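**Student:** Here it is: the structure, laid out below.
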Amino acid sequence: SPELRTVISFGNIEICIFIIPEKAQCVGQKVVKVASLKGFPKEINITCIFKNSTNSFIIPRGDSVLNGRDKVFLCGSIQDIKAAKGYLS
């Protein structure tokens, strides 16, 4: 299972990095589609994505496409981040 790496912790809120696996179900999908799936935590914010393909950071919008090997920065409670990871794996 791909790992989560905590970058910053503010009490019960964390920012974690998760690398999207190459064969994840979310690959090729827009952020808005993944975030609107039933059960995706509503209190999660995809704060930033490091696009491996262009070696650059983006601030994602709903139409941003997720790709394998992208590093996704997730902000929220650790419970919600772990739940969101399931949709990005």
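We name chains A, B, ... following the order of the structure tokens; residues begin at 1 in each chain, and ligands are numbered from 1 as shown.
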Write down as a PyMOL selection string the residues belonging to chain A that are assigned helix (DSSP H, G or I) by DSSP computed on the backbone.
**Tutor:** chain A and resi 31-35+78-88
**Student:** If you keep N, CA and C atoms, can you produce a file of those selected residues as an mmCIF file, in the first residue's frame?
**Tutor:**
```cif
data_model
loop_
_atom_site.group_PDB
_atom_site.id
_atom_site.type_symbol
_atom_site.label_atom_id
_atom_site.label_comp_id
_atom_site.auth_asym_id
_atom_site.auth_seq_id
_atom_site.Cartn_x
_atom_site.Cartn_y
_atom_site.Cartn_z
ATOM 1 N N VAL A 31 -10.014 16.126 -10.638
ATOM 2 C CA VAL A 31 -10.134 16.255 -9.187
ATOM 3 C C VAL A 31 -11.600 16.329 -8.773
ATOM 4 N N VAL A 32 -12.416 17.097 -9.491
ATOM 5 C CA VAL A 32 -13.824 17.266 -9.142
ATOM 6 C C VAL A 32 -14.565 15.926 -9.159
ATOM 7 N N LYS A 33 -14.223 15.049 -10.087
ATOM 8 C CA LYS A 33 -14.890 13.744 -10.166
ATOM 9 C C LYS A 33 -14.530 12.875 -8.964
ATOM 10 N N VAL A 34 -13.243 12.843 -8.636
ATOM 11 C CA VAL A 34 -12.800 12.030 -7.494
ATOM 12 C C VAL A 34 -13.383 12.577 -6.194
ATOM 13 N N ALA A 35 -13.328 13.895 -6.017
ATOM 14 C CA ALA A 35 -13.810 14.515 -4.780
ATOM 15 C C ALA A 35 -15.317 14.395 -4.610
ATOM 16 N N ILE A 78 -6.293 13.432 10.091
ATOM 17 C CA ILE A 78 -5.598 12.228 9.629
ATOM 18 C C ILE A 78 -6.600 11.131 9.248
ATOM 19 N N GLN A 79 -7.735 11.069 9.949
ATOM 20 C CA GLN A 79 -8.756 10.076 9.608
ATOM 21 C C GLN A 79 -9.303 10.337 8.208
ATOM 22 N N ASP A 80 -9.608 11.592 7.904
ATOM 23 C CA ASP A 80 -10.133 11.935 6.588
ATOM 24 C C ASP A 80 -9.070 11.748 5.503
ATOM 25 N N ILE A 81 -7.827 12.077 5.818
ATOM 26 C CA ILE A 81 -6.749 11.893 4.851
ATOM 27 C C ILE A 81 -6.600 10.408 4.514
ATOM 28 N N LYS A 82 -6.644 9.555 5.527
ATOM 29 C CA LYS A 82 -6.542 8.108 5.274
ATOM 30 C C LYS A 82 -7.718 7.617 4.426
ATOM 31 N N ALA A 83 -8.901 8.155 4.675
ATOM 32 C CA ALA A 83 -10.070 7.768 3.875
ATOM 33 C C ALA A 83 -9.902 8.239 2.425
ATOM 34 N N ALA A 84 -9.429 9.472 2.241
ATOM 35 C CA ALA A 84 -9.221 10.006 0.891
ATOM 36 C C ALA A 84 -8.179 9.205 0.137
ATOM 37 N N LYS A 85 -7.153 8.733 0.848
ATOM 38 C CA LYS A 85 -6.100 7.918 0.233
ATOM 39 C C LYS A 85 -6.694 6.713 -0.488
ATOM 40 N N GLY A 86 -7.747 6.144 0.081
ATOM 41 C CA GLY A 86 -8.399 5.000 -0.539
ATOM 42 C C GLY A 86 -8.960 5.314 -1.927
ATOM 43 N N TYR A 87 -9.355 6.550 -2.157
ATOM 44 C CA TYR A 87 -9.901 6.956 -3.447
ATOM 45 C C TYR A 87 -8.797 7.335 -4.453
ATOM 46 N N LEU A 88 -7.588 7.530 -3.924
ATOM 47 C CA LEU A 88 -6.461 7.923 -4.770
ATOM 48 C C LEU A 88 -5.493 6.767 -5.014
#
```
**Student:** For the structure I just gave you, how does DSSP split stretch 5-66 of chain A - specifically, which residues are strand (DSSP E or B)? Reply as a PyMOL selection string.
**Tutor:** chain A and resi 5-10+13-19+30+45-51+56-58+65
**Student:** For A:Ser9, which residue out of A:Asn52, A:Ser77, A:Ser36, A:Thr47 is the nearest one, using only C-alpha atoms?
**Tutor:** A:Ser77
**Student:** Residues near A:Ser89, anyone? I mean within 9 Å using only C-alpha atoms, not counting same-chain ones fewer than 3 positions away, as a VMD selection string.
**Tutor:** chain A and resid 1 to 2 19 to 21 23 to 26 84 to 86
**Student:** Just the number, please: distance in Å from atom CA of A:Gly62 to atom CA of A:Ile13, one decimal.
**Tutor:** 22.5 Å
